[in-house]
$ cat data_6.tsv   # TSV, C-alpha atoms
chain	number	residue	atom	x	y	z
A	13	ALA	CA	-7.33	18.71	-1.62
A	14	ARG	CA	-8.40	22.11	-2.89
A	15	GLN	CA	-11.59	22.90	-4.78
A	16	ILE	CA	-11.30	25.21	-7.77
A	17	SER	CA	-14.60	25.58	-9.64
A	18	ASP	CA	-15.78	22.05	-10.45
A	19	THR	CA	-12.40	20.35	-9.94
A	20	ALA	CA	-10.65	19.01	-6.86
A	21	PHE	CA	-6.85	19.02	-7.08
A	22	LEU	CA	-5.18	16.23	-5.11
A	23	ILE	CA	-1.59	17.08	-4.25
A	24	PHE	CA	0.88	14.18	-4.49
A	25	ALA	CA	4.64	13.87	-4.97
A	26	ARG	CA	6.73	12.33	-7.73
A	27	SER	CA	10.34	11.22	-7.34
A	28	SER	CA	12.74	12.51	-9.98
A	29	GLU	CA	16.54	12.72	-9.90
A	30	MET	CA	16.68	11.98	-6.17
A	31	LEU	CA	14.21	14.79	-5.41
A	32	PHE	CA	10.48	14.88	-4.74
A	33	GLN	CA	8.30	17.14	-6.85
A	34	THR	CA	4.74	17.99	-5.94
A	35	VAL	CA	2.13	17.22	-8.57
A	36	ALA	CA	-1.44	18.54	-8.67
A	37	VAL	CA	-3.76	15.84	-10.00
A	38	PRO	CA	-7.18	17.14	-11.14
A	39	VAL	CA	-10.17	15.04	-10.08
A	40	PRO	CA	-13.78	15.84	-11.07
A	41	PHE	CA	-15.46	17.43	-8.05
A	42	THR	CA	-18.57	15.30	-7.63
A	43	PRO	CA	-20.83	14.63	-4.65
A	44	ALA	CA	-18.80	11.46	-4.06
A	45	THR	CA	-15.42	13.23	-3.91
A	46	ASN	CA	-16.96	16.02	-1.87
A	47	ALA	CA	-18.22	13.50	0.69
A	48	LEU	CA	-14.86	11.70	0.78
A	49	LEU	CA	-12.68	14.79	1.16
A	50	ARG	CA	-14.87	16.94	3.39
A	51	SER	CA	-16.71	14.46	5.58
A	52	PRO	CA	-15.51	14.35	9.20
A	53	ARG	CA	-15.56	10.55	9.07
A	54	GLY	CA	-12.47	8.36	8.84
A	55	LEU	CA	-10.12	7.75	5.94
A	56	LEU	CA	-7.82	4.84	5.06
A	57	LEU	CA	-4.83	5.94	2.97
A	58	ALA	CA	-2.52	3.30	1.42
A	59	ILE	CA	0.70	3.91	-0.51
A	60	PHE	CA	1.99	1.46	-3.16
A	61	GLY	CA	5.16	1.24	-5.22
A	62	PRO	CA	8.50	-0.55	-5.54
A	63	ASP	CA	11.19	-0.30	-2.88
A	64	GLY	CA	13.04	2.98	-3.33
A	65	VAL	CA	10.19	4.93	-4.90
A	66	GLY	CA	9.73	7.03	-1.76
A	67	LYS	CA	6.65	5.52	-0.08
A	68	SER	CA	7.77	6.19	3.49
A	69	SER	CA	8.77	9.80	2.74
A	70	VAL	CA	5.55	10.64	0.91
A	71	LEU	CA	3.35	8.88	3.46
A	72	SER	CA	5.09	10.65	6.34
A	73	GLY	CA	4.59	14.03	4.65
A	74	ALA	CA	0.95	13.34	3.76
A	75	ALA	CA	0.12	12.08	7.25
A	76	GLY	CA	1.82	15.07	8.84
A	77	ALA	CA	-0.26	17.41	6.69
A	78	ILE	CA	-3.71	15.86	7.14
A	79	ALA	CA	-3.54	13.97	10.47
A	80	PRO	CA	-4.41	17.15	12.47
A	81	MET	CA	-7.81	17.15	10.72
A	82	PHE	CA	-8.68	13.82	12.37
A	83	GLU	CA	-9.27	12.89	15.98
A	84	HIS	CA	-7.19	9.71	15.84
A	85	TYR	CA	-4.25	8.53	13.74
A	86	ARG	CA	-3.11	4.93	13.17
A	87	SER	CA	0.00	4.03	11.15
A	88	MET	CA	0.34	0.49	9.75
A	89	ARG	CA	2.71	-1.63	7.65
A	90	TRP	CA	1.77	-4.65	5.51
A	91	ARG	CA	-0.62	-6.57	7.83
A	92	PRO	CA	-2.63	-5.90	11.04
A	93	GLN	CA	-1.19	-8.90	12.97
A	94	LEU	CA	-4.48	-9.52	14.77
A	95	VAL	CA	-4.59	-13.22	13.83
A	96	SER	CA	-0.88	-13.78	14.52
A	97	SER	CA	1.76	-11.34	15.74
A	98	ARG	CA	5.33	-11.19	14.51
A	99	ILE	CA	8.17	-11.05	17.01
A	100	ALA	CA	10.65	-8.32	16.12
A	101	LYS	CA	14.02	-9.70	15.11
A	102	GLU	CA	17.30	-8.59	16.59
A	103	ALA	CA	19.25	-6.24	14.34
A	104	HIS	CA	22.01	-8.74	13.54
A	105	LYS	CA	19.43	-11.34	12.44
A	106	PHE	CA	17.56	-9.04	10.06
A	107	ARG	CA	17.70	-9.82	6.32
A	108	LEU	CA	16.45	-7.78	3.39
A	109	PRO	CA	12.97	-9.02	2.39
A	110	HIS	CA	13.97	-10.08	-1.12
A	111	SER	CA	17.02	-12.04	0.07
A	112	ALA	CA	15.24	-14.19	2.67
A	113	GLY	CA	14.23	-16.97	0.26
A	114	THR	CA	10.77	-18.32	-0.44
A	115	HIS	CA	8.62	-20.78	1.50
A	116	ALA	CA	7.55	-24.14	0.11
A	117	MET	CA	4.31	-23.99	-1.89
A	118	PRO	CA	1.93	-25.34	0.81
A	119	LEU	CA	3.37	-23.00	3.44
A	120	SER	CA	3.34	-20.08	1.00
A	121	MET	CA	-0.36	-20.54	0.28
A	122	ALA	CA	-1.18	-21.06	3.96
A	123	LYS	CA	0.62	-17.85	4.95
A	124	LEU	CA	-1.22	-15.83	2.30
A	125	ALA	CA	-4.51	-17.27	3.52
A	126	GLY	CA	-3.52	-16.25	7.05
A	127	ALA	CA	-2.78	-12.71	5.89
A	128	PHE	CA	-6.16	-12.57	4.14
A	129	ALA	CA	-7.91	-13.70	7.35
A	130	ASP	CA	-5.88	-11.18	9.36
A	131	PHE	CA	-7.06	-8.29	7.19
A	132	CYS	CA	-10.67	-9.50	7.22
A	133	VAL	CA	-10.71	-9.66	11.02
A	134	ASP	CA	-9.16	-6.19	11.22
A	135	HIS	CA	-11.69	-4.75	8.74
A	136	ALA	CA	-14.63	-6.24	10.63
A	137	THR	CA	-13.43	-4.90	13.99
A	138	LEU	CA	-10.82	-2.19	14.52
A	139	THR	CA	-10.71	-0.58	11.07
A	140	ARG	CA	-14.52	-0.51	10.71
A	141	ASN	CA	-14.93	1.20	14.08
A	142	GLN	CA	-12.17	3.71	13.39
A	143	LEU	CA	-13.50	4.64	9.95
A	144	ARG	CA	-16.96	5.21	11.43
A	145	GLY	CA	-15.35	7.79	13.65
A	146	CYS	CA	-12.96	10.55	12.71
A	147	SER	CA	-9.76	8.50	12.31
A	148	LEU	CA	-6.95	8.52	9.77
A	149	ILE	CA	-5.40	5.12	9.03
A	150	THR	CA	-2.28	5.04	6.84
A	151	TRP	CA	-0.67	1.97	5.29
A	152	ASP	CA	2.84	1.64	3.89
A	153	ARG	CA	1.90	-1.11	1.37
A	154	TYR	CA	-1.42	-2.93	1.59
A	155	PHE	CA	-2.93	-6.33	0.85
A	156	HIS	CA	-2.88	-5.78	-2.95
A	157	ASP	CA	0.90	-5.59	-2.76
A	158	LEU	CA	1.29	-9.35	-2.27
A	159	ALA	CA	0.06	-10.03	-5.81
A	160	ILE	CA	2.80	-7.81	-7.29
A	161	ASP	CA	5.91	-8.26	-5.15
A	162	THR	CA	5.49	-11.92	-4.21
A	163	THR	CA	9.20	-12.44	-3.44
A	164	ARG	CA	9.03	-9.88	-0.62
A	165	TYR	CA	6.44	-12.09	1.10
A	166	ARG	CA	8.43	-15.27	0.39
A	167	TYR	CA	5.62	-16.67	-1.76
A	168	ASP	CA	6.39	-19.57	-4.11
A	169	GLY	CA	2.96	-20.88	-5.06
A	170	PRO	CA	0.74	-20.64	-8.16
A	171	ALA	CA	0.41	-17.15	-9.64
A	172	TRP	CA	-3.40	-17.31	-9.73
A	173	TYR	CA	-3.71	-17.70	-5.94
A	174	PRO	CA	-2.66	-14.18	-4.77
A	175	GLN	CA	-4.67	-12.69	-7.65
A	176	PHE	CA	-7.70	-14.67	-6.48
A	177	LEU	CA	-7.31	-13.39	-2.90
A	178	VAL	CA	-6.92	-9.78	-4.07
A	179	ARG	CA	-10.08	-10.01	-6.22
A	180	HIS	CA	-12.06	-11.18	-3.17
A	181	PHE	CA	-10.43	-8.77	-0.75
A	182	PRO	CA	-13.00	-6.57	1.08
A	183	VAL	CA	-11.63	-3.07	0.53
A	184	PRO	CA	-13.08	-0.58	3.07
A	185	ALA	CA	-15.52	1.98	1.67
A	186	ARG	CA	-13.41	4.97	2.74
A	187	PHE	CA	-10.22	3.80	1.04
A	188	VAL	CA	-7.77	5.90	-0.99
A	189	GLY	CA	-4.88	4.07	-2.66
A	190	ILE	CA	-1.95	6.01	-4.12
A	191	VAL	CA	0.61	4.41	-6.45
A	192	LEU	CA	3.95	6.21	-6.56
A	193	ASP	CA	6.01	6.19	-9.75
A	194	ALA	CA	9.60	7.15	-10.54
A	195	GLU	CA	12.28	6.64	-13.17
A	196	GLU	CA	13.92	3.22	-13.03
A	197	GLU	CA	17.39	4.71	-12.52
A	198	VAL	CA	16.21	6.82	-9.59
A	199	ILE	CA	14.76	3.78	-7.82
A	200	LEU	CA	17.94	1.80	-8.43
A	201	LEU	CA	20.09	4.59	-7.00
A	202	ARG	CA	17.90	5.00	-3.93
A	203	LYS	CA	17.68	1.28	-3.11
A	204	ALA	CA	19.70	-1.24	-5.13
A	205	GLU	CA	18.02	-4.29	-3.60
A	206	LEU	CA	16.33	-5.41	-6.84
A	207	PRO	CA	17.78	-5.87	-10.34
A	208	LEU	CA	16.66	-3.46	-13.06
A	209	PRO	CA	14.44	-6.00	-14.92
A	210	GLU	CA	12.48	-6.70	-11.71
A	211	ILE	CA	12.09	-2.97	-11.03
A	212	ARG	CA	10.68	-2.54	-14.53
A	213	ARG	CA	8.26	-5.44	-14.04
A	214	GLN	CA	7.05	-4.04	-10.73
A	215	LEU	CA	6.59	-0.56	-12.18
A	216	ARG	CA	4.37	-2.00	-14.93
A	217	ALA	CA	2.38	-4.01	-12.39
A	218	TYR	CA	1.88	-1.05	-10.04
A	219	ARG	CA	0.78	1.14	-12.97
A	220	GLN	CA	-1.78	-1.51	-13.88
A	221	LEU	CA	-2.95	-1.53	-10.27
A	222	ALA	CA	-3.48	2.22	-10.43
A	223	ALA	CA	-5.53	1.83	-13.61
A	224	VAL	CA	-7.88	-0.85	-12.25
A	225	PRO	CA	-11.02	0.41	-10.41
A	226	ARG	CA	-11.32	-1.03	-6.87
$ encode --input "data_6.tsv" --output "structure tokens"
Amino acid sequence: ARQISDTAFLIFARSSEMLFQTVAVPVPFTPATNALLRSPRGLLLAIFGPDGVGKSSVLSGAAGAIAPMFEHYRSMRWRPQLVSSRIAKEAHKFRLPHSAGTHAMPLSMAKLAGAFADFCVDHATLTRNQLRGCSLITWDRYFHDLAIDTTRYRYDGPAWYPQFLVRHFPVPARFVGIVLDAEEEVILLRKAELPLPEIRRQLRAYRQLAAVPR
């Protein structure tokens, strides 16, 4: 972030025609943004967007640029795994997330409840302690993602349930969420895992997520 007069410009990237372009987003420079961007305390940075939008590339570049300003750096994906850990699969047994099939409704709801508990335990322990110090925590996807891309998490329950969990999700105070956006054709070329109608639906949902105050 760079302060110019009364405005802070946050530098992000936008995917276009297989390339990433940097974009300066003006944000009013208030005491709140000043405290968030200049305080030596911790920061939790989460990246959202459909598969193929460039989350990993942007997050890697952002972390490489700002991680030296922090004493500790923690990189995470999807869930903390404090309540239950996932055993890594062998390469020949790995399936793309959207092709794995969904769980039955009771199991789907139970697994989402487990993920919610996992995040709550992490927030009350490890994440809280790290954010009190000078730590950078980055997330490739975050809890809110399960309400948008339910197929990735093999969910096949009522639509209101993930929305209910997201509304009651305790977002940390020092949280910055970034939603990446790109043209539909670019996403499809980069990762053709999802059909075009689903990509369009997810893009609309992620844009709505970016517009909702958290």
$ closest_residue --input "data_6.tsv" --among "A:Leu158, A:Met117, A:Leu57, A:Ile149" --to "Trp90 of chain A" --atoms "all atoms listed in the file"
A:Leu158
$ residues_around --input "data_6.tsv" --residues "segment 189-193 of chain A" --least-positions-apart "4" --cutoff "9 Å" --atoms "all atoms listed in the file" --output "PyMOL selection string"
chain A and resi 24-27+56-62+65-67+70+154+215+218-219+221-222
$ closest_residue --input "data_6.tsv" --among "A:Gly54, A:Pro182, A:Pro170, A:Gly73" --to "Ala116 of chain A" --atoms "all atoms listed in the file"
A:Pro170
$ closest_residue --input "data_6.tsv" --among "A:Gln214, A:Thr150, A:Ser111, A:Gln93" --to "Asp130 of chain A" --atoms "only C-alpha atoms"
A:Gln93
$ closest_residue --input "data_6.tsv" --among "A:Asp168, A:Asp134, A:Asp152, A:Asp161" --to "Glu210 of chain A" --atoms "all atoms listed in the file"
A:Asp161
$ residues_around --input "data_6.tsv" --residues "Phe181 of chain A" --least-positions-apart "4" --cutoff "9 Å" --atoms "all atoms listed in the file" --output "list of chain:residue names"
A:Phe128, A:Phe131, A:Cys132, A:Phe155, A:His156, A:Phe176, A:Leu177
$ closest_residue --input "data_6.tsv" --among "A:His110, A:Thr163, A:Arg140, A:Leu55" --to "Val188 of chain A" --atoms "all atoms listed in the file"
A:Leu55
$ closest_residue --input "data_6.tsv" --among "A:Ala223, A:Leu71, A:Ala127, A:Val133" --to "Val178 of chain A" --atoms "only C-alpha atoms"
A:Ala127
$ atom_distance --input "data_6.tsv" --atom1 "atom CA of Val198 of chain A" --atom2 "atom CA of Ala74 of chain A"
21.3 Å
$ atom_distance --input "data_6.tsv" --atom1 "atom CA of Ser147 of chain A" --atom2 "atom CA of Glu83 of chain A"
5.7 Å
$ atom_distance --input "data_6.tsv" --atom1 "atom CA of Tyr173 of chain A" --atom2 "atom CA of Ala129 of chain A"
14.5 Å
